[in-house]
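Pasted below: protein27.cif, mmCIF, C-alpha atoms and all ligand atoms.
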```cif
data_structure
#
loop_
_atom_site.label_atom_id
_atom_site.label_comp_id
_atom_site.auth_asym_id
_atom_site.auth_seq_id
_atom_site.Cartn_x
_atom_site.Cartn_y
_atom_site.Cartn_z
CA MET G 1 -19.91 13.21 22.00
CA ALA G 2 -18.73 10.60 24.50
CA LYS G 3 -15.02 10.53 25.23
CA GLN G 4 -13.04 7.32 25.15
CA GLN G 5 -9.55 6.42 26.21
CA LEU G 6 -7.31 5.90 23.19
CA ASP G 7 -3.78 4.55 23.19
CA VAL G 8 -2.74 4.74 19.55
CA LEU G 9 -3.84 6.58 16.42
CA ILE G 10 -2.68 5.17 13.10
CA ILE G 11 -2.52 7.29 9.98
CA GLY G 12 -3.38 5.18 6.93
CA ALA G 13 -5.57 2.10 6.37
CA GLY G 14 -3.26 0.24 3.97
CA MET G 15 -1.61 -3.09 4.80
CA ALA G 16 0.87 -1.54 7.27
CA GLY G 17 -1.74 0.47 9.19
CA VAL G 18 -4.22 -2.40 9.50
CA SER G 19 -1.49 -4.90 10.39
CA ALA G 20 -0.34 -2.50 13.16
CA ALA G 21 -3.91 -2.10 14.44
CA LEU G 22 -4.36 -5.88 14.71
CA LYS G 23 -1.07 -6.18 16.59
CA LEU G 24 -2.14 -3.45 19.02
CA GLN G 25 -5.56 -5.03 19.54
CA GLU G 26 -3.83 -8.36 20.29
CA GLN G 27 -1.95 -6.57 23.10
CA GLY G 28 -5.18 -5.15 24.53
CA LEU G 29 -4.56 -1.57 23.48
CA SER G 30 -7.17 0.75 22.04
CA VAL G 31 -6.51 1.97 18.52
CA GLN G 32 -8.20 3.93 15.77
CA ILE G 33 -7.18 4.42 12.15
CA LEU G 34 -7.57 7.64 10.17
CA GLU G 35 -7.77 7.16 6.40
CA LYS G 36 -7.97 10.06 3.99
CA SER G 37 -9.65 8.11 1.17
CA LYS G 38 -13.21 6.88 0.82
CA GLY G 39 -12.05 3.26 1.08
CA ILE G 40 -9.47 1.10 2.79
CA GLY G 41 -6.50 -0.74 1.28
CA GLY G 42 -4.13 2.04 0.20
CA ARG G 43 -1.99 0.69 -2.64
CA MET G 44 -3.81 -2.65 -2.38
CA ALA G 45 -6.48 -1.03 -4.48
CA THR G 46 -9.43 -2.51 -6.36
CA ARG G 47 -11.72 -0.45 -8.55
CA ARG G 48 -15.21 -1.24 -9.85
CA LEU G 49 -15.84 -0.53 -13.52
CA ASP G 50 -18.89 -1.26 -15.58
CA SER G 51 -19.88 -1.44 -19.21
CA MET G 52 -23.50 -1.27 -20.32
CA GLY G 53 -24.73 -2.48 -16.96
CA ILE G 54 -22.18 -5.30 -16.64
CA GLU G 55 -20.01 -4.90 -13.55
CA GLY G 56 -16.31 -5.61 -13.46
CA LYS G 57 -13.32 -5.06 -11.20
CA ALA G 58 -9.61 -4.43 -11.47
CA ASP G 59 -6.70 -4.36 -9.05
CA HIS G 60 -4.86 -1.21 -10.09
CA GLY G 61 -2.15 -1.13 -7.41
CA ALA G 62 -0.49 -4.28 -6.08
CA GLN G 63 -1.16 -7.26 -8.33
CA PHE G 64 -0.14 -10.12 -6.06
CA PHE G 65 2.10 -10.86 -3.11
CA THR G 66 4.79 -13.35 -2.28
CA THR G 67 5.82 -14.81 1.08
CA ARG G 68 9.46 -14.93 2.10
CA SER G 69 9.35 -14.60 5.91
CA PRO G 70 7.88 -17.14 8.36
CA GLU G 71 5.60 -14.46 9.91
CA PHE G 72 4.00 -13.41 6.64
CA SER G 73 3.82 -17.02 5.45
CA ALA G 74 1.84 -17.89 8.59
CA PHE G 75 -0.50 -14.94 8.00
CA VAL G 76 -1.06 -15.91 4.36
CA LYS G 77 -1.64 -19.56 5.30
CA GLU G 78 -4.35 -18.51 7.73
CA ALA G 79 -5.84 -16.12 5.14
CA GLU G 80 -5.90 -18.99 2.63
CA THR G 81 -7.72 -21.19 5.15
CA GLN G 82 -10.29 -18.42 5.56
CA GLY G 83 -10.72 -18.27 1.77
CA TRP G 84 -9.46 -14.68 1.55
CA VAL G 85 -6.42 -15.42 -0.64
CA LYS G 86 -5.28 -18.14 -3.02
CA PRO G 87 -2.24 -18.96 -5.13
CA TRP G 88 -2.27 -17.30 -8.54
CA PHE G 89 0.90 -18.54 -10.26
CA SER G 90 4.47 -19.54 -9.53
CA SER G 91 7.54 -18.57 -11.47
CA GLY G 92 11.00 -17.09 -11.15
CA PRO G 93 12.07 -13.45 -10.82
CA GLU G 94 11.82 -12.77 -14.57
CA ALA G 95 8.04 -12.77 -14.23
CA ARG G 96 7.93 -9.97 -11.70
CA PRO G 97 5.53 -7.16 -12.53
CA SER G 98 6.02 -3.54 -11.57
CA GLY G 99 5.30 -4.45 -7.97
CA GLU G 100 8.44 -6.49 -7.68
CA ARG G 101 12.10 -5.66 -7.46
CA ARG G 102 13.98 -6.15 -10.67
CA PRO G 103 16.82 -8.61 -10.36
CA GLU G 104 19.12 -6.68 -12.71
CA PRO G 105 21.22 -4.11 -10.85
CA GLY G 106 20.64 -0.54 -12.02
CA SER G 107 17.45 -1.34 -13.93
CA GLU G 108 14.21 0.55 -13.45
CA GLY G 109 12.33 -0.91 -10.51
CA ALA G 110 11.68 -0.94 -6.83
CA ALA G 111 13.78 -1.04 -3.69
CA ALA G 112 16.72 -3.36 -3.63
CA GLY G 113 16.72 -3.98 0.12
CA ALA G 114 15.46 -7.25 1.53
CA ALA G 115 13.79 -7.41 4.93
CA PRO G 116 15.83 -9.10 7.63
CA GLY G 117 15.25 -12.82 7.45
CA THR G 118 13.92 -12.67 3.91
CA THR G 119 15.38 -13.65 0.54
CA PRO G 120 17.92 -11.17 -0.81
CA ALA G 121 17.16 -9.21 -3.97
CA GLY G 122 17.92 -11.13 -7.14
CA ALA G 123 17.91 -14.56 -5.54
CA GLN G 124 16.95 -17.01 -8.28
CA GLU G 125 14.16 -18.89 -6.59
CA VAL G 126 10.58 -19.62 -7.39
CA HIS G 127 7.88 -17.97 -5.34
CA THR G 128 4.16 -18.58 -5.32
CA ARG G 129 2.26 -15.41 -6.23
CA TYR G 130 -0.91 -15.05 -4.19
CA LEU G 131 -3.96 -13.02 -5.11
CA ALA G 132 -6.75 -11.80 -2.90
CA VAL G 133 -10.08 -13.38 -3.80
CA ASP G 134 -12.47 -10.52 -4.79
CA GLY G 135 -9.56 -8.13 -5.30
CA MET G 136 -6.66 -6.84 -3.25
CA SER G 137 -8.64 -4.36 -1.17
CA ALA G 138 -10.92 -7.22 -0.04
CA LEU G 139 -8.02 -8.73 1.93
CA ILE G 140 -7.65 -5.50 3.91
CA LYS G 141 -11.44 -5.41 4.41
CA HIS G 142 -11.30 -8.91 5.90
CA MET G 143 -8.49 -7.78 8.22
CA VAL G 144 -10.44 -4.68 9.29
CA ALA G 145 -13.44 -6.89 10.08
CA GLU G 146 -11.23 -8.54 12.71
CA LEU G 147 -10.98 -5.23 14.58
CA LYS G 148 -13.42 -4.71 17.44
CA PRO G 149 -16.06 -2.00 16.90
CA THR G 150 -14.20 0.02 19.54
CA ASN G 151 -11.11 0.06 17.27
CA PRO G 152 -12.60 1.58 14.10
CA VAL G 153 -11.29 2.96 10.83
CA HIS G 154 -12.46 6.53 10.12
CA LEU G 155 -12.70 7.17 6.37
CA HIS G 156 -12.46 10.63 4.73
CA GLN G 157 -10.18 11.75 7.57
CA LYS G 158 -7.02 13.29 6.18
CA ALA G 159 -4.61 14.07 9.02
CA ASN G 160 -3.63 17.66 8.45
CA ARG G 161 -1.82 18.71 11.60
CA LEU G 162 -0.21 16.99 14.58
CA THR G 163 0.11 18.85 17.86
CA SER G 164 2.06 17.63 20.84
CA VAL G 165 -0.09 18.58 23.86
CA SER G 166 2.23 19.49 26.76
CA GLY G 167 4.59 16.77 25.47
CA LYS G 168 2.17 14.18 26.94
CA HIS G 169 -0.10 13.17 24.10
CA TRP G 170 -0.90 13.92 20.47
CA ARG G 171 -3.76 15.86 18.96
CA VAL G 172 -4.48 15.19 15.29
CA THR G 173 -6.57 17.66 13.33
CA CYS G 174 -8.11 16.44 10.08
CA ASP G 175 -9.18 18.35 6.98
CA SER G 176 -12.78 17.58 7.92
CA GLY G 177 -12.42 19.48 11.20
CA MET G 178 -12.45 16.30 13.31
CA VAL G 179 -9.92 16.22 16.14
CA TYR G 180 -8.52 13.01 17.66
CA GLU G 181 -6.19 12.55 20.61
CA ALA G 182 -4.03 9.61 21.58
CA SER G 183 -0.86 8.94 23.50
CA ARG G 184 1.04 7.50 20.50
CA ILE G 185 0.91 7.85 16.71
CA ILE G 186 1.93 5.47 13.93
CA LEU G 187 2.41 7.10 10.52
CA THR G 188 2.05 4.67 7.59
CA SER G 189 1.68 7.13 4.72
CA PRO G 190 4.50 7.07 2.14
CA VAL G 191 7.51 8.72 3.81
CA PRO G 192 7.50 12.02 1.82
CA GLN G 193 3.82 12.49 2.81
CA SER G 194 4.62 11.77 6.48
CA LEU G 195 7.49 14.28 6.39
CA GLU G 196 5.22 16.89 4.77
CA LEU G 197 2.65 16.36 7.54
CA LEU G 198 5.32 16.94 10.20
CA GLN G 199 6.63 20.01 8.39
CA LYS G 200 3.10 21.50 8.19
CA SER G 201 2.78 20.76 11.91
CA ALA G 202 6.10 22.55 12.67
CA ILE G 203 7.47 19.38 14.26
CA THR G 204 11.21 18.98 13.75
CA LEU G 205 12.76 15.51 13.71
CA PRO G 206 16.18 14.83 15.25
CA THR G 207 18.92 15.24 12.62
CA THR G 208 19.88 11.56 12.13
CA PRO G 209 16.43 10.06 11.51
CA ALA G 210 15.45 13.13 9.48
CA GLY G 211 18.44 12.57 7.18
CA GLU G 212 17.64 8.85 6.81
CA LEU G 213 13.98 9.47 6.02
CA GLU G 214 14.69 12.27 3.53
CA LYS G 215 16.78 9.80 1.49
CA ILE G 216 13.75 7.56 0.86
CA THR G 217 12.26 8.17 -2.59
CA TYR G 218 9.67 6.28 -4.60
CA GLU G 219 9.08 5.21 -8.18
CA CYS G 220 5.94 6.50 -9.82
CA CYS G 221 3.62 4.37 -11.95
CA ILE G 222 0.65 5.06 -14.20
CA ALA G 223 -2.04 2.39 -14.02
CA VAL G 224 -4.40 2.20 -17.00
CA MET G 225 -7.57 0.14 -16.72
CA LEU G 226 -9.09 -0.95 -20.03
CA VAL G 227 -12.54 -2.47 -20.47
CA LEU G 228 -12.77 -4.73 -23.56
CA ASP G 229 -15.86 -6.02 -25.37
CA GLY G 230 -14.60 -9.61 -25.45
CA HIS G 231 -12.04 -12.00 -24.01
CA SER G 232 -8.37 -11.01 -24.22
CA LYS G 233 -5.82 -13.38 -25.66
CA LEU G 234 -3.48 -13.10 -22.69
CA PRO G 235 -2.22 -16.48 -21.44
CA GLU G 236 -4.67 -18.48 -19.29
CA GLU G 237 -3.02 -17.33 -16.03
CA GLY G 238 -4.08 -13.80 -16.96
CA TYR G 239 -0.83 -11.88 -16.85
CA LEU G 240 1.94 -10.86 -19.22
CA ARG G 241 5.18 -9.04 -18.68
CA PRO G 242 5.66 -7.69 -22.20
CA ASP G 243 8.87 -6.75 -23.90
CA SER G 244 8.10 -3.04 -24.09
CA LYS G 245 9.65 0.36 -23.42
CA LYS G 246 6.36 1.64 -22.01
CA VAL G 247 4.56 -1.16 -20.26
CA THR G 248 5.88 -3.38 -17.52
CA TRP G 249 2.82 -5.52 -16.72
CA ILE G 250 -0.60 -6.46 -18.11
CA ALA G 251 -3.18 -8.37 -16.06
CA ASP G 252 -6.58 -9.64 -17.11
CA SER G 253 -8.99 -9.39 -14.15
CA GLN G 254 -11.38 -11.88 -15.74
CA LYS G 255 -8.71 -14.57 -16.07
CA LYS G 256 -7.43 -13.62 -12.61
CA GLY G 257 -10.94 -14.49 -11.40
CA ILE G 258 -11.95 -11.19 -9.81
CA SER G 259 -14.11 -9.91 -12.68
CA PRO G 260 -16.08 -12.89 -14.03
CA ALA G 261 -18.53 -10.98 -16.23
CA LEU G 262 -16.34 -8.27 -17.74
CA THR G 263 -12.87 -8.25 -19.31
CA VAL G 264 -10.85 -5.52 -17.61
CA LEU G 265 -7.12 -5.20 -18.16
CA THR G 266 -4.77 -3.43 -15.77
CA VAL G 267 -1.67 -2.07 -17.46
CA HIS G 268 1.26 -0.63 -15.48
CA THR G 269 3.74 1.62 -17.19
CA LEU G 270 7.47 1.66 -16.48
CA PRO G 271 8.71 4.25 -13.96
CA LYS G 272 10.67 6.35 -16.49
CA TRP G 273 7.82 6.33 -19.00
CA SER G 274 5.36 7.21 -16.20
CA GLN G 275 7.49 10.15 -15.17
CA ARG G 276 7.76 11.48 -18.73
CA HIS G 277 3.99 11.17 -19.31
CA TRP G 278 2.84 12.14 -15.81
CA THR G 279 0.96 15.25 -16.89
CA SER G 280 -0.28 13.95 -20.27
CA PRO G 281 -4.05 13.99 -20.69
CA ASP G 282 -5.69 10.64 -19.89
CA HIS G 283 -6.84 10.04 -23.47
CA ASP G 284 -3.26 10.39 -24.78
CA THR G 285 -1.95 7.99 -22.14
CA VAL G 286 -4.66 5.45 -22.91
CA GLN G 287 -4.05 5.76 -26.67
CA GLN G 288 -0.29 5.22 -26.28
CA VAL G 289 -0.75 2.24 -23.98
CA TRP G 290 -3.45 0.66 -26.17
CA THR G 291 -1.29 1.04 -29.29
CA ASP G 292 1.58 -0.62 -27.42
CA ILE G 293 -0.36 -3.65 -26.16
CA GLN G 294 -3.25 -4.28 -28.54
CA ASP G 295 -1.48 -6.96 -30.59
CA LYS G 296 -0.63 -8.84 -27.42
CA VAL G 297 -4.14 -8.80 -25.96
CA GLY G 298 -6.16 -9.54 -29.09
CA GLY G 299 -6.86 -6.09 -30.55
CA GLY G 300 -8.63 -6.73 -33.88
CA GLN G 301 -10.87 -9.38 -32.35
CA VAL G 302 -11.71 -7.27 -29.29
CA ASN G 303 -12.32 -3.54 -28.94
CA LEU G 304 -11.57 -1.06 -26.22
CA VAL G 305 -14.87 0.22 -24.84
CA SER G 306 -13.79 2.40 -21.90
CA SER G 307 -10.79 3.23 -19.77
CA GLN G 308 -9.66 4.79 -16.52
CA VAL G 309 -6.26 6.09 -15.46
CA HIS G 310 -4.76 6.22 -11.97
CA ARG G 311 -1.43 7.89 -11.23
CA TRP G 312 0.56 6.42 -8.34
CA GLN G 313 3.03 9.10 -7.29
CA TYR G 314 4.46 6.85 -4.57
CA SER G 315 4.26 3.44 -6.16
CA GLN G 316 7.18 1.66 -4.53
CA PRO G 317 10.20 2.75 -2.50
CA ARG G 318 13.54 2.86 -4.32
CA GLU G 319 15.37 2.56 -1.01
CA THR G 320 14.20 1.19 2.32
CA PHE G 321 15.03 2.14 5.90
CA PRO G 322 17.06 -0.72 7.45
CA GLU G 323 14.63 -1.42 10.32
CA ARG G 324 10.99 -2.50 10.09
CA CYS G 325 9.88 0.71 11.80
CA LEU G 326 11.39 3.86 13.23
CA ALA G 327 10.18 4.65 16.76
CA LEU G 328 10.91 8.04 18.31
CA GLN G 329 10.43 7.77 22.07
CA PRO G 330 10.17 10.72 24.46
CA GLY G 331 13.49 11.50 26.11
CA GLU G 332 15.50 9.41 23.64
CA GLY G 333 17.82 10.91 21.02
CA GLY G 334 16.65 14.46 21.69
CA TRP G 335 12.95 13.69 21.00
CA THR G 336 10.76 15.80 23.29
CA HIS G 337 7.33 14.84 21.93
CA PRO G 338 5.18 11.77 22.68
CA THR G 339 5.93 8.49 20.89
CA LEU G 340 5.88 8.78 17.09
CA ILE G 341 6.45 5.72 14.91
CA PHE G 342 7.10 5.58 11.16
CA ALA G 343 6.07 2.40 9.34
CA GLY G 344 5.08 1.11 5.90
CA ASP G 345 6.66 -0.63 2.95
CA ALA G 346 9.71 1.66 3.09
CA PHE G 347 10.76 0.10 6.42
CA GLY G 348 12.72 -3.14 6.50
CA GLY G 349 11.62 -4.35 3.07
CA PRO G 350 9.28 -3.38 0.25
CA ARG G 351 6.02 -4.76 -1.16
CA VAL G 352 2.90 -6.07 0.54
CA GLU G 353 4.94 -8.41 2.71
CA GLY G 354 7.22 -5.58 3.85
CA ALA G 355 4.18 -3.45 4.73
CA TYR G 356 2.63 -6.29 6.77
CA LEU G 357 5.86 -6.95 8.67
CA SER G 358 6.44 -3.25 9.26
CA GLY G 359 2.91 -2.89 10.65
CA GLN G 360 3.51 -5.77 13.04
CA ALA G 361 6.80 -4.24 14.22
CA ALA G 362 5.22 -0.79 14.66
CA GLY G 363 2.28 -2.28 16.59
CA LEU G 364 4.69 -4.04 18.90
CA ALA G 365 6.83 -0.92 19.35
CA ALA G 366 3.75 1.21 20.11
CA GLY G 367 2.46 -1.44 22.50
CA THR G 368 5.64 -1.45 24.54
CA ALA G 369 6.30 2.32 24.37
CA ASN G 370 5.88 4.52 27.40
CA GLY G 371 2.79 6.67 27.16
CA SER G 372 -0.24 7.41 29.20
CA THR G 373 -3.62 6.92 27.56
CA ALA G 374 -5.42 10.04 26.46
CA ASP G 375 -8.89 11.03 25.44
CA SER G 376 -10.06 10.67 21.88
CA VAL G 377 -12.30 13.62 21.20
CA ALA G 378 -14.59 14.03 18.23
CA THR G 379 -15.58 17.66 17.83
C1 LIG G 401 1.18 0.08 -9.26
C2 LIG G 401 1.65 -0.73 -8.09
C3 LIG G 401 1.94 -2.09 -8.24
C4 LIG G 401 2.36 -2.84 -7.15
N1 LIG G 401 2.56 -4.18 -7.32
C5 LIG G 401 2.87 -4.95 -6.23
C6 LIG G 401 2.92 -6.37 -6.34
O1 LIG G 401 2.60 -6.94 -7.37
N2 LIG G 401 3.30 -7.05 -5.24
C7 LIG G 401 3.60 -6.46 -4.05
O2 LIG G 401 3.90 -7.14 -3.08
N3 LIG G 401 3.52 -5.11 -3.92
C8 LIG G 401 3.15 -4.34 -4.97
N4 LIG G 401 3.03 -3.00 -4.84
C9 LIG G 401 3.42 -2.37 -3.57
C10 LIG G 401 2.37 -2.55 -2.47
O3 LIG G 401 1.11 -2.16 -2.95
C11 LIG G 401 2.77 -1.70 -1.27
O4 LIG G 401 4.09 -2.07 -0.89
C12 LIG G 401 1.88 -1.85 -0.05
O5 LIG G 401 0.52 -1.95 -0.41
C13 LIG G 401 2.13 -0.63 0.84
O6 LIG G 401 1.29 -0.67 1.98
P1 LIG G 401 1.41 0.50 3.07
O7 LIG G 401 0.40 0.24 4.10
O8 LIG G 401 2.84 0.62 3.48
O9 LIG G 401 1.11 1.86 2.29
P2 LIG G 401 -0.24 2.34 1.57
O10 LIG G 401 -0.95 1.17 1.00
O11 LIG G 401 0.16 3.43 0.65
O12 LIG G 401 -1.15 2.91 2.76
C14 LIG G 401 -1.00 4.21 3.25
C15 LIG G 401 -2.38 4.79 3.49
O13 LIG G 401 -2.24 6.06 4.14
C16 LIG G 401 -3.27 6.91 3.67
N5 LIG G 401 -2.86 8.29 3.95
C17 LIG G 401 -1.80 8.96 3.42
N6 LIG G 401 -1.72 10.19 3.97
C18 LIG G 401 -2.74 10.29 4.87
C19 LIG G 401 -3.18 11.31 5.76
N7 LIG G 401 -2.54 12.50 5.83
N8 LIG G 401 -4.25 11.09 6.55
C20 LIG G 401 -4.91 9.89 6.50
N9 LIG G 401 -4.54 8.88 5.65
C21 LIG G 401 -3.46 9.08 4.86
C22 LIG G 401 -3.35 6.55 2.18
O14 LIG G 401 -4.59 6.96 1.61
C23 LIG G 401 -3.18 5.04 2.22
O15 LIG G 401 -4.43 4.38 2.31
C24 LIG G 401 2.55 -2.22 -5.89
C25 LIG G 401 2.23 -0.88 -5.73
C26 LIG G 401 1.75 -0.14 -6.80
C27 LIG G 401 1.33 1.29 -6.59
#
```
Show how you would write the structure in this file as structure tokens.
Amino acid sequence: MAKQQLDVLIIGAGMAGVSAALKLQEQGLSVQILEKSKGIGGRMATRRLDSMGIEGKADHGAQFFTTRSPEFSAFVKEAETQGWVKPWFSSGPEARPSGERRPEPGSEGAAAGAAPGTTPAGAQEVHTRYLAVDGMSALIKHMVAELKPTNPVHLHQKANRLTSVSGKHWRVTCDSGMVYEASRIILTSPVPQSLELLQKSAITLPTTPAGELEKITYECCIAVMLVLDGHSKLPEEGYLRPDSKKVTWIADSQKKGISPALTVLTVHTLPKWSQRHWTSPDHDTVQQVWTDIQDKVGGGQVNLVSSQVHRWQYSQPRETFPERCLALQPGEGGWTHPTLIFAGDAFGGPRVEGAYLSGQAAGLAAGTANGSTADSVAT
């Protein structure tokens, strides 16, 4: 197979990875993304479901996003002009679903850190919640379509081992047997997964960053998707944050506008409840969730016809690294390998916005890092 010069390999085709790729492309660098799944989007995930030949959809990861920084606001404004995103609803912090930080200190919820230049946690202000038209993963698909054919995403490529070749460039071996080489790597997988990859590769991080990264932990979340045989009685906006000890968020994909023909609800369970029921069989989880919510969604007038369960082990970071990315450069701080950059929603600030900003920062850092180009080899 023909060889091509490759500057940067990115692990992960979620918001951070694709944002980084676009930043690198803007600087004229060559980039490829390795994604272990069969689709792109990561935790901006949309699933197709059907019932008796009627097709529906549900976002089962991130439900919406807000804009607090000028950079992400500009991106979202452009995406709105393109027709990729649109406002969903506006309200204060009390309406935040599982994807958002809780304003109450010590409550169950996601990371408390705010990205530099963004609104601090708990600030009582109203934010517009945006949704991606056609589902969250569609936004990432639109972004990927902006990449040149020479900067592709490779699906079904789980990075399994990183090797530093003579300290000059990286070789990445995937589960599939494919091998890629590049002068720099950006890791956007959740931090524990990135650390596991390095451990498997026998690559030791310098003590200080290793300690910082090991402190980053994530909440887990069980997402239950429920197909109903009629309209739900959720409010017109299509979401509810119920008063419940199990469930933190219910969304109606039909009212959200992404599943016109079929009513599909996405229900997120609270982190502590998710942890306790992590290994329960799916039918038990669905039964418990349905019992908890059916009065609120119109059970009695509508019936549950089918369901799916997805377990998010790394739903949202509890703590974030203070900077928008962590770049290890050869010869600095005892790092003897080629440039390695950590990015994602655990860097500088959580959520979709944090992931976008982290990707931009990582793309910039990789673009300005020292590093000769290397061959990308498909074997
Ligand atoms: C249930 C839930 C609800 C949420 N709600 C909201 C919300 O309402 N609003 C909001 O702003 N945010 C929300 N979030 C958070 C938001 O989804 C994330 O912050 C954001 O999508 C993270 O993007 P990322 O690129 O950093 O990581 P990810 O999206 O996780 O991307 C990482 C990618 O790396 C891939 N990968 C991992 N390991 C490997 C490997 N070894 N080789 C190749 N590929 C690999 C993964 O498959 C994945 O595609 C929610 C998240 C969840 C799970």
task: Record the distance separating CA of Arg318 (chain G) and CA of Gly344 (chain G), expressed in Å with one decimal.
output: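 Between these atoms lies a distance of 13.4 Å.
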Which residue of G:Asn160, G:Thr336, G:Gln294, G:Gln329 approaches ligand LIG 401 (chain G) most closely, using only C-alpha atoms and all ligand atoms: G:Asn160
Between region 247-342 of chain G and region 181-204 of chain G, at 6 Å or less, what are the per-residue closest atom pairs and their distances in Å? Count all atoms listed in the file, order by chain and rising residue number, and return it as a tab-separated table.
```
residue	atom	partner	partner_atom	distance
G:Thr339	CA	G:Arg184	CA	5.0
G:Leu340	CA	G:Ile185	CA	5.1
G:Ile341	CA	G:Ile186	CA	4.6
G:Phe342	CA	G:Leu187	CA	5.0
```
query: Pick the closest to ligand LIG 401 (chain G) from G:Gln288, G:Ser253, G:Ser69, G:Ser137: which is it, counting all atoms listed in the file?
result: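 Among the listed residues, G:Ser137 lies closest to ligand LIG 401 (chain G).
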Produce the centre coordinates and the three edge lengths, each in Å to one decimal, of the box along x, y and z that contains all listed atoms of region 16-27 of chain G with 8 Å added on each side, as lines of an AutoDock Vina configuration file.
```
center_x = -2.3
center_y = -3.9
center_z = 15.2
size_x = 22.4
size_y = 24.8
size_z = 31.8
```
task: Provide the CA of Met136 (chain G) to CA of Ala62 (chain G) distance in Å, to one decimal place.
output: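 Straight-line distance from CA of Met136 (chain G) to CA of Ala62 (chain G) works out to 7.3 Å.
Nearest residue to ligand LIG 401 (chain G) among G:Lys272, G:Lys86, G:Arg171, G:Arg351 is G:Arg351, counting all atoms listed in the file.
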Surrounding residues of Thr173 (chain G) excluding itself and chain neighbours under 3 positions, 6 Å, all atoms listed in the file, as JSON, numbers by chain: {"G": [159, 160, 161, 179]}
- prompt: Between G:Gly331, G:Gly298, G:Pro260, G:Pro271, which one has atoms that come closest to Ile54 (chain G), using only C-alpha atoms?
  reply: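 Comparing G:Gly331, G:Gly298, G:Pro260, G:Pro271 against Ile54 (chain G), the winner is G:Pro260.
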Could you add the missing atoms to region 320-333 of chain G, up to N, CA and C atoms, and return them as a short mmCIF file (atom, residue, chain, number, x, y, z; two decimals), keeping the file's coordinate frame?
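Generated output (out04.cif):
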```cif
data_model
loop_
_atom_site.label_atom_id
_atom_site.label_comp_id
_atom_site.auth_asym_id
_atom_site.auth_seq_id
_atom_site.Cartn_x
_atom_site.Cartn_y
_atom_site.Cartn_z
N THR G 320 14.97 1.42 1.09
CA THR G 320 14.20 1.19 2.32
C THR G 320 15.07 1.50 3.54
N PHE G 321 14.39 1.93 4.60
CA PHE G 321 15.03 2.14 5.90
C PHE G 321 15.43 0.76 6.42
N PRO G 322 16.60 0.64 7.10
CA PRO G 322 17.06 -0.72 7.45
C PRO G 322 16.17 -1.47 8.46
N GLU G 323 15.45 -0.75 9.31
CA GLU G 323 14.63 -1.42 10.32
C GLU G 323 13.18 -1.47 9.87
N ARG G 324 12.39 -2.35 10.51
CA ARG G 324 10.99 -2.50 10.09
C ARG G 324 10.10 -1.35 10.54
N CYS G 325 10.57 -0.55 11.49
CA CYS G 325 9.88 0.71 11.80
C CYS G 325 10.89 1.64 12.47
N LEU G 326 10.53 2.89 12.54
CA LEU G 326 11.39 3.86 13.23
C LEU G 326 10.55 4.46 14.36
N ALA G 327 10.95 4.17 15.60
CA ALA G 327 10.18 4.65 16.76
C ALA G 327 10.94 5.76 17.46
N LEU G 328 10.32 6.93 17.56
CA LEU G 328 10.91 8.04 18.31
C LEU G 328 10.21 8.07 19.67
N GLN G 329 10.99 7.86 20.72
CA GLN G 329 10.43 7.77 22.07
C GLN G 329 10.80 9.01 22.87
N PRO G 330 9.87 9.52 23.69
CA PRO G 330 10.17 10.72 24.46
C PRO G 330 11.42 10.54 25.33
N GLY G 331 12.28 11.54 25.28
CA GLY G 331 13.49 11.50 26.11
C GLY G 331 14.64 10.74 25.47
N GLU G 332 14.41 10.14 24.31
CA GLU G 332 15.50 9.41 23.64
C GLU G 332 15.94 10.16 22.39
N GLY G 333 17.25 10.31 22.24
CA GLY G 333 17.82 10.91 21.02
C GLY G 333 17.34 12.33 20.77
#
```
